[in-house]
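Trainee: Quick one: the structure is below, questions incoming.
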Amino acid sequence: MPRDEEANRLSARASRYARLGVEAGAFAARVGASRLTGAGRDDDARVFAEALGSMKGPVMKVAQLLATIPDALPADYSEQLMKLQSQAPPMGAAFVKRRMQAELGPGWRERFGEFSLEPAAAASLGQVHRATTLEGEPVACKLQYPDMASAVEADLSQLNMLFAIRRRMGAAIDTREVQIEIGDRLREELDYAREIKLAALYRHMLADTPEVRVPRPHPELSSKRLLTLQWLDGEKLLAFEKAAPRTRSRVAELLFKAWWRPFLRYGVIHGDPHLGNYSVVTGAEVEAVNLYDFGCVRIFPMRFVEGVSELYQALKTKDGERIVHAYDLWGFKGLKKTTIEAMNIWASFIYGPILDNRVRSFADGVKPSEFGRKEIRAVMQALRSEGTQLTAPREFVFLDRAAIGLGAAFLRLGAELNFHRLYEETIADFSTETVGARQQEALKAAGLA
């Protein structure tokens with residue numbers, strides 16, 4: 001890469017970090033002024049979104065995540081964030097060559113049969129190029145944008161400022177554990193050497209579920225910042241929004257298996273609900289779904305998995321003591337009765353579709369735009385009325401994100417299923433001992449133990 005191009009990139013990065021600090025500082029000053037003067041906050045949400053939306057890259061991933069966590073931000077802030085899109089600039093052909101040489105060495109091109117220098121897709125941390133192996137197998141090469149580690153740390157630093165502002169605004173949820181979890185997981189996403197092992201983990205966990213396809217990893221063509229996986233063709237999920245009811249229900253059933261079998265059988269969940277992370281394979285009928293992008297995968301401790309199972313069983317039998325035990329397993333200690341009642345509102349909402357033993361839509365008559373809002377308002381009102389600030393265990397972040405992401409896919413499809421039956425089939429042999437043994441075996445097989 002020419003020196004002037006490299007200098008321009010360094011200048012752009014410095015400008016980016018400075019601008020993010022100015023935007024976050026301006027937002028803090030605006031919120032502080034509105035609180036002191038008693039002014040309304042009608043524009044606060046828009047300004048907050050603009051503070052993040054002016055950035056590109058990892059902060060956009062965080063913005064989308066924040067919009068799925070109840071009360072991490074006010075509802076109007078979340079609505080603004082959901083409108084944002086990642087706008088990371090693509091790397092040009094000359095720069096791609098330089099980056100590939102840095103990852104695979106001077107003879108990198110001879111290691112592929114074909115390699116397209118034009119990106120096939122872009123994401124917040126990198127871009128994807130189509131290629132083939134020397135044996136002719138189509139592969140996807142995800143190449144990380146330069147200096148993403150520095151960008152992530154800069155974005156997380158400013159995000160912590162915004163979280164602190166949110167706490168001063170009277171949030172019912174203390175998000176300090178959420179901050180830690182987001183930081184840890186986002187840093188993990190930078191490590192493509194880890195992601196290729198996570199792809200192998202998913203192939204192991206779903207080996208007995210052929211209707212969910214996971215791309216084969218190519219570690220010999222990968223590095224810490226280059227990830228090469230088998231290219232899997234399929235139709236976009238949203239192409240099925242207006243398909244026949246039977247087709248939409250079949251797609252939803254396969255999505256349920258793709259997300260919840262790994263969690264309920266291995267204590268592992270795919271934490272990125274982006275609809276672009278799956279596609280559909282069709283023949284005469286729907287044959288399979290493809291699962292992509294394994295950077296955001298959460299491996300859970302057994303106590304948390306047990307808590308998920310315990311709460312389901314407790315809600316099913318309306319066992320109050322068992323409900324409290326489930327919350328205790330998650331890390332909630334010494335809860336007040338009113339706090340438990342507030343938490344039960346959200347738990348009953350999240351578990352509602354799998355507790356209801358009948359064929360139904362996921363929203364069950366509620367408008368998708370209103371789905372969950374009444375419950376969130378009720379929970380937050382109850383917590384604020386007793387002056388409680390609830391600390392959310394860090395594991396909640398990606399479980400909640402996955403549940404909401406999967407629910408969003410079901411809502412878009414308008415699918416009708418017996419979610420209770422699917423859940424019960426998945427937990428037929430559930431025990432923490434069984435799940436723990438499977439998890440350790442799978443992690444060892446994928447090179448993660």
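By convention in this document, the chains of the structure tokens carry letters A, B, ... by their order, each chain's residues are numbered from 1, and ligands are numbered from 1 in the order they are shown.
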For Gly234 of chain A, list every protein, DNA or RNA residue within 12 Å, evaluated using only C-alpha atoms, and leave out those in the same chain fewer than 2 positions away; present the list as a VMD selection string.

Mentor: chain A and resid 212 to 213 231 to 232 236 to 240 276 to 283 286 to 292

Trainee: Within 9 Å of Leu315 of chain A, counting only C-alpha atoms, which residues qualify if same-chain residues fewer than 5 places away don't, as an mmCIF file with C-alpha atoms, in the first residue's frame?

Mentor:
data_model
loop_
_atom_site.group_PDB
_atom_site.id
_atom_site.type_symbol
_atom_site.label_atom_id
_atom_site.label_comp_id
_atom_site.auth_asym_id
_atom_site.auth_seq_id
_atom_site.Cartn_x
_atom_site.Cartn_y
_atom_site.Cartn_z
ATOM 1 C CA GLU A 310 -35.536 -24.738 36.573
ATOM 2 C CA GLY A 320 -43.063 -20.095 43.697
ATOM 3 C CA ARG A 322 -38.696 -23.161 42.635
ATOM 4 C CA ILE A 323 -38.953 -19.863 40.742
ATOM 5 C CA ASN A 344 -41.985 -12.979 36.907
ATOM 6 C CA ALA A 347 -40.097 -14.459 32.702
ATOM 7 C CA SER A 348 -43.710 -15.343 31.861
ATOM 8 C CA TYR A 351 -41.260 -18.389 28.349
ATOM 9 C CA LEU A 355 -45.330 -22.974 28.075
#

Trainee: Among segment 134-291 of chain A, which ones does DSSP assign to helix (DSSP H, G or I) (computed from the backbone)? Answer as a VMD selection string.

Mentor: chain A and resid 148 to 168 176 to 189 192 to 205 219 to 221 237 to 240 245 to 266 275 to 277

Trainee: Among segment 164-375 of chain A, which ones does DSSP place in strand (DSSP E), written as JSON, numbers by chain?

Mentor: {"A": [173, 174, 212, 213, 226, 227, 228, 229, 230, 235, 236, 268, 269, 270, 278, 279, 280, 281, 282, 286, 287, 288, 289, 290, 291, 297, 298, 299, 360, 361]}

Trainee: Let me make sure I understand: among A:Ala284, A:Ile350, A:Ile196, A:Met343, which one has the smallest atom-to-atom distance to Glu220 of chain A if we use only C-alpha atoms?

Mentor: A:Ile196

Trainee: Pick out the residues sitting within 10 Å of Arg261 of chain A, and hand them over as a PyMOL selection string; count only C-alpha atoms, and ignore anything fewer than 2 positions along from it in its own chain.

Mentor: chain A and resi 205-206+209+255-259+263-269+422-423+425-427

Trainee: Using only C-alpha atoms, please write the residues we just selected to a file, as a compact mmCIF listing (two decimals), in the first residue's frame.

Mentor:
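Writing the result to again.txt gives the following:
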# COMPACT_ATOMS: atom_id res chain seq x y z
CA MET A 205 -23.16 -30.09 18.26
CA LEU A 206 -25.43 -30.21 15.20
CA THR A 209 -29.30 -32.43 12.94
CA LEU A 255 -34.46 -22.01 13.22
CA PHE A 256 -35.69 -23.22 16.61
CA LYS A 257 -33.46 -26.29 16.31
CA ALA A 258 -30.46 -24.24 15.14
CA TRP A 259 -30.62 -21.96 18.17
CA PHE A 263 -28.10 -24.42 24.29
CA LEU A 264 -30.40 -27.02 25.84
CA ARG A 265 -28.08 -29.94 25.03
CA TYR A 266 -24.64 -28.31 25.33
CA GLY A 267 -25.07 -24.99 27.14
CA VAL A 268 -23.89 -23.02 24.09
CA ILE A 269 -25.77 -20.34 22.19
CA LEU A 422 -40.48 -28.50 20.20
CA TYR A 423 -39.03 -27.43 23.54
CA GLU A 425 -38.61 -32.76 22.59
CA THR A 426 -35.32 -30.91 22.94
CA ILE A 427 -35.10 -31.36 26.73

Trainee: Here is a test: counting only C-alpha atoms, which residue of A:Gly113, A:Pro353, A:Gly447, A:Gly334 is nearest to Lys197 of chain A?

Mentor: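 When distances to Lys197 of chain A are compared using only C-alpha atoms, the smallest one comes from A:Gly447.
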
Trainee: For atom CA of Asp319 of chain A and atom CA of Val305 of chain A, quote the distance in Å rounded to one decimal.

Mentor: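 Atom CA of Val305 of chain A lies 18.6 Å from atom CA of Asp319 of chain A.
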
Trainee: May I ask which of the residues A:Val128, A:Ala408, A:Val297, A:Ala392 is the closest one to Leu227 of chain A, counting only C-alpha atoms?

Mentor: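 Going through A:Val128, A:Ala408, A:Val297, A:Ala392 one by one, the smallest distance to Leu227 of chain A is for A:Val128.
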
Trainee: Check the smallest atom-to-atom distance from each of A:Glu395, A:Asp400, A:Glu306, A:Glu253 to His420 of chain A using only C-alpha atoms, then report the winner.

Mentor: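 When distances to His420 of chain A are compared using only C-alpha atoms, the smallest one comes from A:Glu253.
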
Trainee: Pick from A:Arg176, A:His204, A:Lys367, A:Lys337: nearest to Met161 of chain A, with only C-alpha atoms counted?

Mentor: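 Among the listed residues, A:Arg176 lies closest to Met161 of chain A.
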
Trainee: Give me, please, the distance in Å between atom CA of Gly126 of chain A and atom CA of Ala403 of chain A, quoted to one decimal.

Mentor: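 That distance, rounded to one decimal, is 25.5 Å.
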
Trainee: Taking 4 positions as the minimum chain separation for residues in the same chain, which residues sit within 8 Å of Ala378 of chain A when counting only C-alpha atoms? Answer as a PyMOL selection string.

Mentor: chain A and resi 342+345+374+382

Trainee: One decimal, Å: what's the distance from atom CA of Val152 of chain A over to atom CA of Cys296 of chain A, could you say?

Mentor: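 Calculated distance between atom CA of Val152 of chain A and atom CA of Cys296 of chain A is 14.5 Å.
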
Trainee: Show me, as a ChimeraX atom specification, the residues that have an atom within 10 Å of Gly407 of chain A when counting only C-alpha atoms, minus same-chain residues fewer than 3 positions from it.

Mentor: /A:252,256,273,350,353,362-363,368,371,401-404,410-413

Trainee: Just write the chosen residues, N, CA and C atoms, as a PDB file, in the first residue's frame.

Mentor:
ATOM      1  N   ALA A 252     -39.305 -21.824  10.432  1.00  0.00           N
ATOM      2  CA  ALA A 252     -39.252 -21.462  11.850  1.00  0.00           C
ATOM      3  C   ALA A 252     -38.852 -22.652  12.720  1.00  0.00           C
ATOM      4  N   PHE A 256     -35.594 -22.827  15.204  1.00  0.00           N
ATOM      5  CA  PHE A 256     -35.690 -23.219  16.612  1.00  0.00           C
ATOM      6  C   PHE A 256     -34.611 -24.254  16.939  1.00  0.00           C
ATOM      7  N   PRO A 273     -28.439 -12.277  16.606  1.00  0.00           N
ATOM      8  CA  PRO A 273     -29.743 -12.553  15.992  1.00  0.00           C
ATOM      9  C   PRO A 273     -29.937 -11.954  14.617  1.00  0.00           C
ATOM     10  N   ILE A 350     -41.178 -14.155  28.295  1.00  0.00           N
ATOM     11  CA  ILE A 350     -40.138 -14.835  27.524  1.00  0.00           C
ATOM     12  C   ILE A 350     -40.468 -16.316  27.342  1.00  0.00           C
ATOM     13  N   PRO A 353     -44.435 -18.623  24.922  1.00  0.00           N
ATOM     14  CA  PRO A 353     -44.700 -19.508  23.783  1.00  0.00           C
ATOM     15  C   PRO A 353     -44.369 -20.971  24.047  1.00  0.00           C
ATOM     16  N   PHE A 362     -46.035 -16.829  17.353  1.00  0.00           N
ATOM     17  CA  PHE A 362     -45.168 -16.443  18.455  1.00  0.00           C
ATOM     18  C   PHE A 362     -45.775 -15.282  19.238  1.00  0.00           C
ATOM     19  N   ALA A 363     -46.339 -14.299  18.520  1.00  0.00           N
ATOM     20  CA  ALA A 363     -46.934 -13.139  19.186  1.00  0.00           C
ATOM     21  C   ALA A 363     -48.338 -13.427  19.688  1.00  0.00           C
ATOM     22  N   PRO A 368     -46.808  -7.239  16.100  1.00  0.00           N
ATOM     23  CA  PRO A 368     -45.346  -7.348  16.245  1.00  0.00           C
ATOM     24  C   PRO A 368     -44.692  -6.086  16.782  1.00  0.00           C
ATOM     25  N   PHE A 371     -45.043  -6.145  20.537  1.00  0.00           N
ATOM     26  CA  PHE A 371     -44.687  -7.389  21.214  1.00  0.00           C
ATOM     27  C   PHE A 371     -43.661  -7.149  22.312  1.00  0.00           C
ATOM     28  N   ARG A 401     -30.576 -11.659  24.164  1.00  0.00           N
ATOM     29  CA  ARG A 401     -30.415 -11.229  22.774  1.00  0.00           C
ATOM     30  C   ARG A 401     -30.827 -12.336  21.810  1.00  0.00           C
ATOM     31  N   ALA A 402     -30.423 -13.576  22.119  1.00  0.00           N
ATOM     32  CA  ALA A 402     -30.769 -14.700  21.253  1.00  0.00           C
ATOM     33  C   ALA A 402     -32.265 -14.953  21.259  1.00  0.00           C
ATOM     34  N   ALA A 403     -32.881 -14.900  22.454  1.00  0.00           N
ATOM     35  CA  ALA A 403     -34.320 -15.144  22.555  1.00  0.00           C
ATOM     36  C   ALA A 403     -35.099 -14.101  21.773  1.00  0.00           C
ATOM     37  N   ILE A 404     -34.700 -12.840  21.898  1.00  0.00           N
ATOM     38  CA  ILE A 404     -35.391 -11.773  21.184  1.00  0.00           C
ATOM     39  C   ILE A 404     -35.119 -11.862  19.685  1.00  0.00           C
ATOM     40  N   PHE A 410     -39.308 -15.293  14.070  1.00  0.00           N
ATOM     41  CA  PHE A 410     -40.629 -15.922  14.068  1.00  0.00           C
ATOM     42  C   PHE A 410     -41.720 -14.910  13.726  1.00  0.00           C
ATOM     43  N   LEU A 411     -41.578 -13.694  14.252  1.00  0.00           N
ATOM     44  CA  LEU A 411     -42.562 -12.656  13.970  1.00  0.00           C
ATOM     45  C   LEU A 411     -42.542 -12.273  12.489  1.00  0.00           C
ATOM     46  N   ARG A 412     -41.344 -12.146  11.926  1.00  0.00           N
ATOM     47  CA  ARG A 412     -41.242 -11.794  10.505  1.00  0.00           C
ATOM     48  C   ARG A 412     -41.851 -12.879   9.626  1.00  0.00           C
ATOM     49  N   LEU A 413     -41.686 -14.130  10.029  1.00  0.00           N
ATOM     50  CA  LEU A 413     -42.226 -15.245   9.250  1.00  0.00           C
ATOM     51  C   LEU A 413     -43.718 -15.456   9.489  1.00  0.00           C
TER      52      LEU A 413
END
